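Have a look at run_6.cif; it's mmCIF, C-alpha atoms:
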data_my_file
loop_
_atom_site.label_atom_id
_atom_site.label_comp_id
_atom_site.auth_asym_id
_atom_site.auth_seq_id
_atom_site.Cartn_x
_atom_site.Cartn_y
_atom_site.Cartn_z
CA MET A 1 -74.46 12.82 169.10
CA ALA A 2 -73.22 13.78 165.60
CA LEU A 3 -76.29 14.06 163.41
CA ARG A 4 -75.97 13.14 159.76
CA VAL A 5 -78.38 13.53 156.87
CA ARG A 6 -78.27 11.50 153.67
CA ALA A 7 -79.84 12.92 150.51
CA ASP A 8 -80.59 11.52 147.08
CA GLY A 9 -82.78 12.12 144.03
CA SER A 10 -84.60 9.90 141.57
CA GLU A 11 -86.80 10.14 138.48
CA VAL A 12 -90.42 8.96 138.55
CA THR A 13 -93.43 9.21 136.24
CA ALA A 14 -96.88 10.71 136.79
CA TYR A 15 -99.92 11.56 134.68
CA THR A 16 -101.26 15.11 134.56
CA LEU A 17 -105.03 15.67 134.61
CA ALA A 18 -104.85 15.96 130.82
CA GLY A 19 -103.55 12.38 130.70
CA VAL A 20 -100.03 13.35 129.61
CA LYS A 21 -97.09 11.36 131.00
CA GLN A 22 -94.62 13.57 132.78
CA LYS A 23 -91.20 12.86 134.28
CA ILE A 24 -90.78 14.19 137.80
CA GLN A 25 -87.75 14.31 140.07
CA ILE A 26 -88.25 13.33 143.71
CA TRP A 27 -85.82 14.60 146.33
CA CYS A 28 -85.39 12.37 149.40
CA VAL A 29 -83.65 13.24 152.67
CA ARG A 30 -83.21 10.96 155.69
CA GLU A 31 -81.77 11.66 159.14
CA CYS A 32 -79.51 8.75 160.05
CA PHE A 33 -80.15 8.39 163.81
CA SER A 34 -83.95 8.67 163.99
CA GLY A 35 -84.77 7.61 160.42
CA ASP A 36 -86.92 10.74 160.02
CA ILE A 37 -87.68 11.48 156.35
CA PHE A 38 -88.45 14.38 154.06
CA VAL A 39 -89.58 14.00 150.43
CA THR A 40 -90.48 16.64 147.85
CA ALA A 41 -90.79 16.77 144.06
CA PHE A 42 -89.36 19.00 141.33
CA TYR A 43 -89.68 19.25 137.58
CA ARG A 44 -85.93 18.92 136.99
CA GLN A 45 -82.77 17.85 138.80
CA ASN A 46 -80.83 21.11 138.47
CA GLU A 47 -78.80 23.15 140.93
CA GLU A 48 -81.65 25.33 142.16
CA SER A 49 -83.87 22.29 142.78
CA PHE A 50 -81.04 20.50 144.58
CA LEU A 51 -80.33 23.46 146.86
CA GLU A 52 -84.02 24.15 147.50
CA GLY A 53 -84.58 20.50 148.40
CA ILE A 54 -81.86 20.68 151.05
CA VAL A 55 -83.24 23.92 152.52
CA LYS A 56 -86.79 22.55 152.67
CA GLY A 57 -85.51 19.38 154.33
CA LEU A 58 -83.61 21.31 156.99
CA GLU A 59 -86.66 23.47 157.68
CA TYR A 60 -88.81 20.33 158.02
CA PHE A 61 -86.36 18.78 160.50
CA GLY A 62 -86.11 22.07 162.38
CA GLY A 63 -82.33 22.37 162.34
CA THR A 64 -79.05 21.55 160.62
CA PRO A 65 -76.97 18.36 161.02
CA ARG A 66 -73.18 18.30 161.33
CA LYS A 67 -72.84 16.90 157.81
CA ILE A 68 -74.92 16.03 154.74
CA ILE A 69 -73.94 13.01 152.63
CA PHE A 70 -74.68 13.14 148.91
CA ASP A 71 -73.51 11.38 145.76
CA ASN A 72 -71.27 12.88 143.10
CA ALA A 73 -73.98 14.45 140.92
CA ARG A 74 -73.00 17.43 138.78
CA VAL A 75 -75.49 19.67 140.60
CA ALA A 76 -73.29 19.45 143.69
CA VAL A 77 -69.76 18.58 142.53
CA LYS A 78 -67.50 20.90 140.58
CA GLU A 79 -64.67 18.40 140.09
CA GLY A 80 -63.33 15.15 141.53
CA PHE A 81 -65.34 12.46 143.30
CA GLY A 82 -65.78 10.87 146.73
CA HIS A 83 -63.37 12.19 149.36
CA HIS A 84 -61.61 14.20 146.65
CA ALA A 85 -64.74 15.92 145.35
CA LYS A 86 -65.00 19.69 145.36
CA ALA A 87 -68.45 21.15 145.91
CA THR A 88 -69.86 23.78 143.57
CA ASP A 89 -69.54 27.39 144.71
CA LYS A 90 -73.23 27.75 145.52
CA TYR A 91 -73.36 24.46 147.45
CA LEU A 92 -70.35 25.63 149.47
CA ALA A 93 -72.12 28.93 150.14
CA LEU A 94 -75.24 27.08 151.29
CA SER A 95 -73.22 24.76 153.57
CA ALA A 96 -71.50 27.78 155.12
CA HIS A 97 -74.85 29.52 155.63
CA TYR A 98 -76.31 26.51 157.48
CA SER A 99 -73.02 25.39 159.11
CA PHE A 100 -72.87 21.79 157.88
CA ARG A 101 -70.06 19.87 156.18
CA PRO A 102 -70.82 18.52 152.67
CA VAL A 103 -69.64 14.92 152.27
CA PHE A 104 -69.68 12.94 149.01
CA CYS A 105 -69.96 9.18 148.53
CA ASN A 106 -67.19 7.19 146.89
CA PRO A 107 -67.98 5.72 143.44
CA ALA A 108 -69.75 2.32 143.41
CA GLN A 109 -70.24 2.46 147.18
CA GLY A 110 -74.04 2.45 147.42
CA HIS A 111 -73.91 1.28 151.05
CA GLU A 112 -72.60 4.73 152.02
CA LYS A 113 -76.11 6.13 151.46
CA GLY A 114 -78.16 2.95 151.70
CA LEU A 115 -80.71 4.49 154.09
CA VAL A 116 -81.80 7.11 151.63
CA GLU A 117 -81.75 4.72 148.67
CA GLY A 118 -84.17 2.57 150.68
CA LEU A 119 -86.34 5.66 151.13
CA VAL A 120 -86.36 6.25 147.36
CA GLY A 121 -87.69 2.72 146.86
CA LEU A 122 -90.30 3.23 149.61
CA VAL A 123 -91.61 6.41 147.99
CA ARG A 124 -91.70 4.80 144.55
CA ARG A 125 -93.79 1.87 145.82
CA ASN A 126 -96.19 4.02 147.86
CA PHE A 127 -96.82 6.90 145.43
CA PHE A 128 -95.80 5.97 141.90
CA VAL A 129 -97.00 2.38 141.46
CA PRO A 130 -99.40 2.43 139.67
CA ILE A 131 -98.58 5.70 137.92
CA PRO A 132 -100.64 8.39 139.69
CA LYS A 133 -102.69 11.25 138.25
CA ILE A 134 -101.79 14.62 139.74
CA SER A 135 -103.54 17.97 139.43
CA SER A 136 -100.33 19.89 140.08
CA LEU A 137 -96.88 19.50 141.57
CA GLU A 138 -98.09 21.44 144.62
CA ASP A 139 -100.81 18.84 145.15
CA LEU A 140 -98.25 16.01 144.91
CA ASN A 141 -95.90 17.77 147.34
CA ALA A 142 -98.74 18.27 149.82
CA GLN A 143 -99.42 14.52 149.71
CA LEU A 144 -95.72 13.71 150.12
CA LEU A 145 -95.46 16.06 153.10
CA GLU A 146 -98.50 14.43 154.71
CA TYR A 147 -96.83 11.04 154.25
CA CYS A 148 -93.65 12.34 155.95
CA HIS A 149 -95.71 13.48 158.95
CA LYS A 150 -97.47 10.11 159.17
CA TYR A 151 -94.14 8.28 158.93
CA ARG A 152 -93.14 9.77 162.28
CA SER A 153 -95.60 7.37 163.94
CA HIS A 154 -93.80 4.44 162.30
CA LYS A 155 -91.61 2.18 164.46
CA ILE A 156 -88.46 0.85 162.80
CA SER A 157 -87.70 -2.84 163.45
CA GLY A 158 -85.36 -3.21 166.43
CA LYS A 159 -86.12 0.27 167.80
CA SER A 160 -88.11 0.81 170.99
CA MET A 161 -89.37 4.28 170.02
CA THR A 162 -91.21 5.64 167.00
CA VAL A 163 -89.44 7.71 164.36
CA GLY A 164 -91.13 10.83 165.69
CA GLU A 165 -90.02 10.15 169.28
CA MET A 166 -86.43 9.58 168.18
CA ALA A 167 -86.56 12.71 166.02
CA GLU A 168 -87.78 14.69 169.03
CA ASN A 169 -84.84 13.40 171.07
CA CYS A 170 -82.52 14.66 168.32
CA GLY A 171 -83.94 18.17 168.61
CA GLY A 172 -81.38 19.42 171.12
CA HIS A 173 -78.48 18.30 168.93
CA TRP A 174 -79.44 20.13 165.73
CA ILE A 175 -77.56 23.28 164.81
CA PRO A 176 -80.19 26.08 164.94
CA LEU A 177 -81.39 27.38 161.60
CA PRO A 178 -80.06 30.85 160.67
CA PRO A 179 -82.50 33.78 160.88
CA TYR A 180 -82.48 34.25 157.08
CA ARG A 181 -83.30 31.65 154.45
CA PHE A 182 -80.60 31.01 151.86
CA ASP A 183 -81.60 32.21 148.37
CA THR A 184 -81.43 29.03 146.28
CA SER A 185 -82.81 30.58 143.10
CA ASN A 186 -81.11 31.15 139.78
CA THR A 187 -81.28 34.95 139.72
CA ILE A 188 -80.74 37.25 136.75
CA GLN A 189 -81.33 40.94 135.98
CA ILE A 190 -82.92 41.67 132.62
CA LYS A 191 -84.95 44.41 130.94
CA ALA A 192 -88.51 43.63 129.87
CA ASP A 193 -88.88 44.10 126.11
CA ASP A 194 -91.33 46.40 124.31
CA PHE A 195 -94.00 43.67 124.47
CA SER A 196 -93.69 43.36 128.28
CA LEU A 197 -91.94 40.01 127.96
CA VAL A 198 -89.03 38.80 130.08
CA LYS A 199 -86.74 36.02 128.86
CA PHE A 200 -85.52 33.39 131.29
CA ASP A 201 -83.98 29.98 130.60
CA HIS A 202 -84.99 29.74 126.90
CA ASN A 203 -88.59 30.93 127.44
CA LYS A 204 -90.45 34.23 127.71
CA TYR A 205 -92.92 35.32 130.42
CA SER A 206 -95.14 38.39 130.42
CA VAL A 207 -95.23 41.09 133.10
CA PRO A 208 -97.80 43.94 133.47
CA TYR A 209 -97.48 46.35 130.55
CA GLN A 210 -96.52 49.19 132.91
CA TYR A 211 -93.12 47.45 133.35
CA SER A 212 -92.31 47.40 129.64
CA SER A 213 -88.64 48.35 129.04
CA LYS A 214 -87.94 48.41 132.80
CA PRO A 215 -85.23 46.35 134.55
CA ILE A 216 -86.67 43.20 136.14
CA THR A 217 -85.12 40.78 138.62
CA VAL A 218 -86.01 37.19 137.68
CA LYS A 219 -85.71 34.44 140.30
CA GLY A 220 -86.02 30.90 138.98
CA SER A 221 -86.49 28.25 141.66
CA GLY A 222 -86.97 24.53 141.00
CA ASN A 223 -90.66 24.84 140.12
CA LYS A 224 -91.43 28.58 139.97
CA VAL A 225 -90.33 31.71 138.13
CA ARG A 226 -90.89 35.05 139.90
CA MET A 227 -90.49 38.53 138.41
CA ILE A 228 -89.60 41.29 140.85
CA CYS A 229 -89.40 45.05 140.41
CA GLY A 230 -88.88 47.60 143.16
CA GLY A 231 -89.01 44.85 145.78
CA ASP A 232 -92.52 43.70 144.68
CA ILE A 233 -93.39 40.40 142.99
CA ILE A 234 -95.14 41.54 139.81
CA ALA A 235 -95.64 38.11 138.21
CA GLU A 236 -95.24 34.43 139.09
CA TYR A 237 -95.36 31.34 136.85
CA GLU A 238 -94.90 27.60 136.92
CA ARG A 239 -91.41 27.12 135.54
CA ASP A 240 -91.31 25.88 131.95
CA TYR A 241 -88.36 23.64 131.05
CA HIS A 242 -89.16 23.52 127.33
CA HIS A 243 -87.58 25.86 124.79
CA ASN A 244 -88.96 28.86 122.91
CA HIS A 245 -92.33 29.04 124.66
CA THR A 246 -94.03 32.36 125.40
CA HIS A 247 -96.34 32.64 128.41
CA TYR A 248 -98.86 35.50 128.37
CA ARG A 249 -101.26 36.65 131.05
CA LEU A 250 -104.32 38.50 129.73
CA GLU A 251 -104.54 40.62 132.88
CA HIS A 252 -101.06 41.99 132.14
CA TYR A 253 -102.33 43.61 128.90
CA ILE A 254 -106.01 44.40 129.45
CA GLY A 255 -105.33 47.96 130.62
CA LEU A 256 -103.34 48.68 127.48
CA ILE A 257 -105.95 47.00 125.25
CA GLU A 258 -108.67 49.19 126.78
CA LYS A 259 -106.68 52.24 125.73
CA ARG A 260 -106.18 50.86 122.20
CA PRO A 261 -109.28 48.77 121.49
CA ARG A 262 -108.54 48.28 117.80
CA SER A 263 -105.44 46.25 118.76
CA VAL A 264 -107.67 43.34 119.81
CA TYR A 265 -107.74 41.79 116.32
CA ASN A 266 -104.04 40.96 116.26
CA ALA A 267 -103.14 40.77 119.95
CA ALA A 268 -101.13 37.63 120.80
CA PRO A 269 -102.00 37.94 124.54
CA ILE A 270 -105.65 37.38 123.53
CA LYS A 271 -105.10 34.58 121.03
CA GLU A 272 -102.79 32.68 123.38
CA THR A 273 -104.78 33.01 126.61
CA VAL A 274 -108.53 32.73 125.95
CA PRO A 275 -110.29 29.44 124.97
CA ASP A 276 -110.87 28.90 121.24
CA GLU A 277 -114.67 29.12 121.51
CA PHE A 278 -114.45 32.44 123.32
CA TYR A 279 -111.98 33.80 120.78
CA ASP A 280 -114.37 32.82 117.97
CA PHE A 281 -117.17 34.69 119.78
CA LEU A 282 -114.98 37.78 120.12
CA MET A 283 -114.12 37.83 116.42
CA LYS A 284 -117.84 37.86 115.54
CA LEU A 285 -118.38 41.15 117.39
CA ASP A 286 -118.38 44.26 115.20
CA ASP A 287 -117.27 46.82 117.77
CA PRO A 288 -113.72 46.55 119.21
CA LYS A 289 -115.00 48.16 122.42
CA GLU A 290 -117.47 45.29 122.83
CA ILE A 291 -114.57 42.86 122.47
CA VAL A 292 -112.65 44.69 125.20
CA LYS A 293 -115.66 44.69 127.53
CA SER A 294 -116.15 40.97 126.88
CA LEU A 295 -112.50 40.33 127.75
CA ARG A 296 -112.87 42.24 130.99
CA LEU A 297 -115.98 40.16 131.78
CA TYR A 298 -114.00 36.98 131.09
CA LEU A 299 -111.29 38.09 133.50
CA ASP A 300 -113.93 38.69 136.18
CA ILE A 301 -116.01 35.53 135.62
CA GLY A 302 -113.55 32.99 134.22
CA ASP A 303 -114.43 29.87 132.24
CA GLU A 304 -118.00 29.87 133.61
CA LEU A 305 -118.65 32.52 130.97
CA LEU A 306 -118.23 29.93 128.20
CA SER A 307 -121.54 28.21 128.99
CA HIS A 308 -123.45 31.27 127.71
CA LEU A 309 -121.76 31.59 124.31
CA LEU A 310 -124.25 29.36 122.46
CA TYR A 311 -127.14 31.66 123.28
CA VAL A 312 -125.72 35.15 122.65
CA ASP A 313 -124.29 37.17 119.78
CA SER A 314 -123.37 40.45 121.51
CA TYR A 315 -121.70 41.75 124.64
CA ASP A 316 -125.00 43.14 126.00
CA ALA A 317 -126.67 39.74 125.68
CA LEU A 318 -123.69 38.03 127.30
CA TYR A 319 -123.70 40.49 130.17
CA ALA A 320 -127.45 40.03 130.66
CA CYS A 321 -127.02 36.24 130.89
CA VAL A 322 -124.31 36.65 133.50
CA MET A 323 -126.37 39.07 135.57
CA GLU A 324 -129.40 36.80 135.40
CA GLN A 325 -127.37 33.89 136.66
CA ILE A 326 -125.74 35.64 139.60
CA THR A 327 -128.88 37.48 140.73
CA GLU A 328 -130.95 35.28 143.06
CA PRO A 329 -134.67 36.19 142.99
CA ILE A 330 -136.48 36.40 146.31
CA SER A 331 -139.04 33.63 146.57
CA ALA A 332 -142.61 34.78 147.27
CA ALA A 333 -143.16 31.57 149.15
CA ALA A 334 -140.28 32.26 151.52
CA GLU A 335 -141.30 31.78 155.12
CA VAL A 336 -141.46 35.02 157.09
CA LYS A 337 -141.37 34.62 160.85
CA ILE A 338 -143.81 36.90 162.73
CA ILE A 339 -143.40 37.37 166.45
CA LYS A 340 -146.82 37.93 168.02
CA PRO A 341 -147.03 40.65 170.69
CA ASP A 342 -147.77 39.69 174.27
CA LEU A 343 -151.16 41.40 174.99
CA LYS A 344 -151.45 40.13 178.58
CA ARG A 345 -149.51 43.16 179.82
CA TYR A 346 -152.17 45.50 178.33
CA ASP A 347 -155.02 43.41 179.86
CA LEU A 348 -153.54 44.07 183.29
CA LEU A 349 -153.56 47.81 182.66
CA LEU A 350 -157.24 47.74 181.63
CA LYS A 351 -158.14 45.84 184.80
CA GLY A 352 -156.39 48.47 186.90
CA GLY A 353 -153.40 46.34 187.73
CA ASP A 354 -150.45 48.30 189.09
CA SER A 355 -147.83 45.93 187.83
CA VAL A 356 -146.88 46.02 184.19
#

Conversion result in structure tokens:
Amino acid sequence: MALRVRADGSEVTAYTLAGVKQKIQIWCVRECFSGDIFVTAFYRQNEESFLEGIVKGLEYFGGTPRKIIFDNARVAVKEGFGHHAKATDKYLALSAHYSFRPVFCNPAQGHEKGLVEGLVGLVRRNFFVPIPKISSLEDLNAQLLEYCHKYRSHKISGKSMTVGEMAENCGGHWIPLPPYRFDTSNTIQIKADDFSLVKFDHNKYSVPYQYSSKPITVKGSGNKVRMICGGDIIAEYERDYHHNHTHYRLEHYIGLIEKRPRSVYNAAPIKETVPDEFYDFLMKLDDPKEIVKSLRLYLDIGDELLSHLLYVDSYDALYACVMEQITEPISAAAEVKIIKPDLKRYDLLLKGGDSV
């Protein structure tokens, strides 16, 4: 049995919790013999998303097929088309790592990957009509993965076994996965600037201030950006595909702000990270040290702190409100169980009994 996998991508629309329409790319993979499916979503259809989608699909299936059939998209093809197409260097490296042969469809020959195009339509009808509201891409991908698992109980017309049973029969024919996962990320080496910011793909991301001016390894996957130094992940963000945005994390700067409390009045990491009502409260405080302590309290408590702002005008009052809320008083009416002693044993002693 020569296993084949067909892969394809498509654009869909979803609403975020804020009610904003957002374009999302779904990545669909189908195993030709069993009809087993894998679907995941990315923010963009770029090379790192394409490669990551293949790796995740192979890991879901539990092995590698003899060949993977894909169209002639630029994320996979360096030049040519169809049988004459030449894969990009990184796609060739991935195919060598997992030991499959990359195959490309001929132009205007949709039947060559009809199975996976049918899967794209299935996913569109089941998840994106009507347009869904999603809390995050991780939440959507968890739902898509659950659907893939449920699909294994589906029985395709004309087949005597379910998709899952046929997929299980394929298990012995997959090429085993290699012991190490292929690195699909777009990786660069860059030095953090004096403001502890690292630039990647037209945007800037903060790292802890201790890493200012130090060399950082940035790994951009389809949906995430990770900053690494000395083998440790020091920061992780949702990947931003806009231009000229700066992403701060207050916790990256709080230690430095505590050392220089007067910097709070002009600190971009404060203005850009705390809610407007909390920032207004901070600017009403006279002592910079109170501002710093309030920031530290916000980091510990989170947005629950905002509910107290209408009733306080100082850090001490804010802290007292927080302590009052988290301290649970012991109720005087609480039931206390009392175990009564068994006095029968002592009665026996008084009567001269020899058995206690």

Fill in: Who sits within 12 Å of Tyr319 of chain A, all atoms listed in the file, same chain under 2 positions skipped, as a PyMOL selection string
chain A and resi 290+293-298+300-301+305+308-309+311-317+321-326

Fill in: Residues matched by the PyMOL selection byres ((chain A and resi 200) around 10), written as an MDAnalysis selection string
chainID A and resid 186:190 197:199 201:205 218:220 225 239:240

Those same residues, written as a short mmCIF file (atom, residue, chain, number, x, y, z; two decimals), keeping the file's coordinate frame with C-alpha atoms?
data_model
loop_
_atom_site.label_atom_id
_atom_site.label_comp_id
_atom_site.auth_asym_id
_atom_site.auth_seq_id
_atom_site.Cartn_x
_atom_site.Cartn_y
_atom_site.Cartn_z
CA ASN A 186 -81.11 31.15 139.78
CA THR A 187 -81.28 34.95 139.72
CA ILE A 188 -80.74 37.25 136.75
CA GLN A 189 -81.33 40.94 135.98
CA ILE A 190 -82.92 41.67 132.62
CA LEU A 197 -91.94 40.01 127.96
CA VAL A 198 -89.03 38.80 130.08
CA LYS A 199 -86.74 36.02 128.86
CA ASP A 201 -83.98 29.98 130.60
CA HIS A 202 -84.99 29.74 126.90
CA ASN A 203 -88.59 30.93 127.44
CA LYS A 204 -90.45 34.23 127.71
CA TYR A 205 -92.92 35.32 130.42
CA VAL A 218 -86.01 37.19 137.68
CA LYS A 219 -85.71 34.44 140.30
CA GLY A 220 -86.02 30.90 138.98
CA VAL A 225 -90.33 31.71 138.13
CA ARG A 239 -91.41 27.12 135.54
CA ASP A 240 -91.31 25.88 131.95
#

Discussion item. I'd like the interatomic distance between atom CA of Ser307 of chain A and atom CA of Ser136 of chain A, to a tenth of an Å.
Written reply: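 Between atom CA of Ser307 of chain A and atom CA of Ser136 of chain A the gap is 25.3 Å.
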
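For the structure shown here, the set of residues caught by the PyMOL selection byres ((chain A and resi 14) around 8) is Val12, Thr13, Tyr15, Thr16, Lys21, Gln22, Lys23, Ile24, Phe128, Ile131, Pro132, Lys133 and Ile134 of chain A.
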
Practice prompt. For segment 53-63 of chain A, work out the shell of residues within 9 Å, counting all atoms listed in the file and skipping chain neighbours fewer than 6 positions away, then give it as a count of residues only.
Written response: 27

Practice prompt. Mind giving me the straight-line distance from atom CA of Gly80 of chain A to atom CA of Arg44 of chain A in Å, one decimal?
Written response: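 These atoms are spaced 23.4 Å apart.
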
Worksheet item: When the PyMOL selection byres ((chain A and resi 88) around 10) is applied to the file above, which residues end up in the set, as a PyMOL selection string?
Response: chain A and resi 47+74-79+85-87+89-94

Item to complete: Could you check how far atom CA of Val264 of chain A sits from atom CA of Asp193 of chain A, in Å to one decimal?
Response: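 For atom CA of Val264 of chain A relative to atom CA of Asp193 of chain A, the distance reads 19.8 Å.
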
Which neighbours of Gly35 of chain A fall inside 10 Å, counting all atoms listed in the file, when residues of the same chain fewer than 4 positions from it are skipped, and could you give them as a PDB file with C-alpha atoms, in the coordinates of the input?
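Below you can see selection_6.pdb, which holds the result:
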ATOM      1  CA  VAL A   5     -78.380  13.530 156.870  1.00  0.00           C
ATOM      2  CA  VAL A  29     -83.650  13.240 152.670  1.00  0.00           C
ATOM      3  CA  ARG A  30     -83.210  10.960 155.690  1.00  0.00           C
ATOM      4  CA  GLU A  31     -81.770  11.660 159.140  1.00  0.00           C
ATOM      5  CA  LEU A 115     -80.710   4.490 154.090  1.00  0.00           C
ATOM      6  CA  VAL A 116     -81.800   7.110 151.630  1.00  0.00           C
ATOM      7  CA  LEU A 119     -86.340   5.660 151.130  1.00  0.00           C
ATOM      8  CA  TYR A 151     -94.140   8.280 158.930  1.00  0.00           C
ATOM      9  CA  ARG A 152     -93.140   9.770 162.280  1.00  0.00           C
ATOM     10  CA  HIS A 154     -93.800   4.440 162.300  1.00  0.00           C
ATOM     11  CA  LYS A 155     -91.610   2.180 164.460  1.00  0.00           C
ATOM     12  CA  ILE A 156     -88.460   0.850 162.800  1.00  0.00           C
ATOM     13  CA  THR A 162     -91.210   5.640 167.000  1.00  0.00           C
ATOM     14  CA  VAL A 163     -89.440   7.710 164.360  1.00  0.00           C
ATOM     15  CA  GLY A 164     -91.130  10.830 165.690  1.00  0.00           C
ATOM     16  CA  MET A 166     -86.430   9.580 168.180  1.00  0.00           C
ATOM     17  CA  ALA A 167     -86.560  12.710 166.020  1.00  0.00           C
TER      18      ALA A 167
END

Worksheet item: Out of A:Ile26, A:Leu299, A:Val292, A:Ala73, which residue has the shortest atom-to-atom distance to Arg124 of chain A when counting all atoms listed in the file?
Response: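 When distances to Arg124 of chain A are compared using all atoms listed in the file, the smallest one comes from A:Ile26.
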
Worksheet item: Nearest to Thr64 of chain A among A:Leu306, A:Ala96, A:Ile234, A:Ala192, with distances taken over only C-alpha atoms: which residue is it?
Response: A:Ala96

Worksheet item: Of the candidates A:Met283, A:Ile257, A:Cys105, A:Cys32, which one gets nearest to His83 of chain A if we count all atoms listed in the file?
Response: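 Of A:Met283, A:Ile257, A:Cys105, A:Cys32, the one nearest His83 of chain A is A:Cys105, counting all atoms listed in the file.
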
Fill in: Among the residues A:Asp183, A:Glu251, A:Asp287, A:Asp194, the one that comes closest to Pro208 of chain A [using only C-alpha atoms]
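Among the listed residues, A:Glu251 lies closest to Pro208 of chain A.
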
Quick test: take segment 234-291 of chain A, keep C-alpha atoms, and write it as an mmCIF file, in the first residue's frame.
data_model
loop_
_atom_site.group_PDB
_atom_site.id
_atom_site.type_symbol
_atom_site.label_atom_id
_atom_site.label_comp_id
_atom_site.auth_asym_id
_atom_site.auth_seq_id
_atom_site.Cartn_x
_atom_site.Cartn_y
_atom_site.Cartn_z
ATOM 1 C CA ILE A 234 12.216 34.539 27.707
ATOM 2 C CA ALA A 235 9.068 35.848 25.979
ATOM 3 C CA GLU A 236 6.233 34.559 23.793
ATOM 4 C CA TYR A 237 3.576 36.474 21.828
ATOM 5 C CA GLU A 238 0.718 35.966 19.421
ATOM 6 C CA ARG A 239 2.246 36.807 16.065
ATOM 7 C CA ASP A 240 1.235 40.208 14.700
ATOM 8 C CA TYR A 241 1.001 40.473 10.905
ATOM 9 C CA HIS A 242 0.424 44.233 10.872
ATOM 10 C CA HIS A 243 3.225 46.758 10.421
ATOM 11 C CA ASN A 244 4.947 49.098 12.878
ATOM 12 C CA HIS A 245 3.242 47.849 16.036
ATOM 13 C CA THR A 246 5.071 47.675 19.372
ATOM 14 C CA HIS A 247 4.048 45.050 21.920
ATOM 15 C CA TYR A 248 5.027 45.726 25.541
ATOM 16 C CA ARG A 249 4.674 43.519 28.597
ATOM 17 C CA LEU A 250 4.518 45.426 31.891
ATOM 18 C CA GLU A 251 6.179 42.554 33.761
ATOM 19 C CA HIS A 252 9.248 42.951 31.527
ATOM 20 C CA TYR A 253 9.862 46.479 32.906
ATOM 21 C CA ILE A 254 8.482 46.519 36.446
ATOM 22 C CA GLY A 255 11.831 45.622 38.028
ATOM 23 C CA LEU A 256 13.515 48.528 36.261
ATOM 24 C CA ILE A 257 10.649 50.906 37.109
ATOM 25 C CA GLU A 258 10.974 49.985 40.795
ATOM 26 C CA LYS A 259 14.604 51.058 40.647
ATOM 27 C CA ARG A 260 13.712 54.336 38.895
ATOM 28 C CA PRO A 261 10.246 55.239 40.180
ATOM 29 C CA ARG A 262 10.216 58.732 38.676
ATOM 30 C CA SER A 263 10.255 57.165 35.195
ATOM 31 C CA VAL A 264 6.608 56.139 35.610
ATOM 32 C CA TYR A 265 5.247 59.428 34.240
ATOM 33 C CA ASN A 266 6.611 58.908 30.734
ATOM 34 C CA ALA A 267 6.980 55.128 30.519
ATOM 35 C CA ALA A 268 5.481 53.706 27.299
ATOM 36 C CA PRO A 269 5.289 50.169 28.805
ATOM 37 C CA ILE A 270 2.792 51.599 31.331
ATOM 38 C CA LYS A 271 0.748 53.714 28.932
ATOM 39 C CA GLU A 272 0.466 50.890 26.397
ATOM 40 C CA THR A 273 -0.339 48.012 28.754
ATOM 41 C CA VAL A 274 -2.658 49.140 31.568
ATOM 42 C CA PRO A 275 -6.370 50.019 31.053
ATOM 43 C CA ASP A 276 -7.176 53.717 30.614
ATOM 44 C CA GLU A 277 -9.095 53.988 33.892
ATOM 45 C CA PHE A 278 -6.194 52.506 35.833
ATOM 46 C CA TYR A 279 -3.722 54.811 34.115
ATOM 47 C CA ASP A 280 -5.878 57.807 35.073
ATOM 48 C CA PHE A 281 -5.863 56.593 38.692
ATOM 49 C CA LEU A 282 -2.070 56.269 38.636
ATOM 50 C CA MET A 283 -1.584 59.807 37.335
ATOM 51 C CA LYS A 284 -3.622 61.183 40.259
ATOM 52 C CA LEU A 285 -1.174 59.759 42.807
ATOM 53 C CA ASP A 286 1.396 62.228 44.131
ATOM 54 C CA ASP A 287 4.165 59.796 45.050
ATOM 55 C CA PRO A 288 5.916 57.868 42.229
ATOM 56 C CA LYS A 289 6.580 55.045 44.696
ATOM 57 C CA GLU A 290 2.823 54.689 45.233
ATOM 58 C CA ILE A 291 2.407 54.401 41.467
#
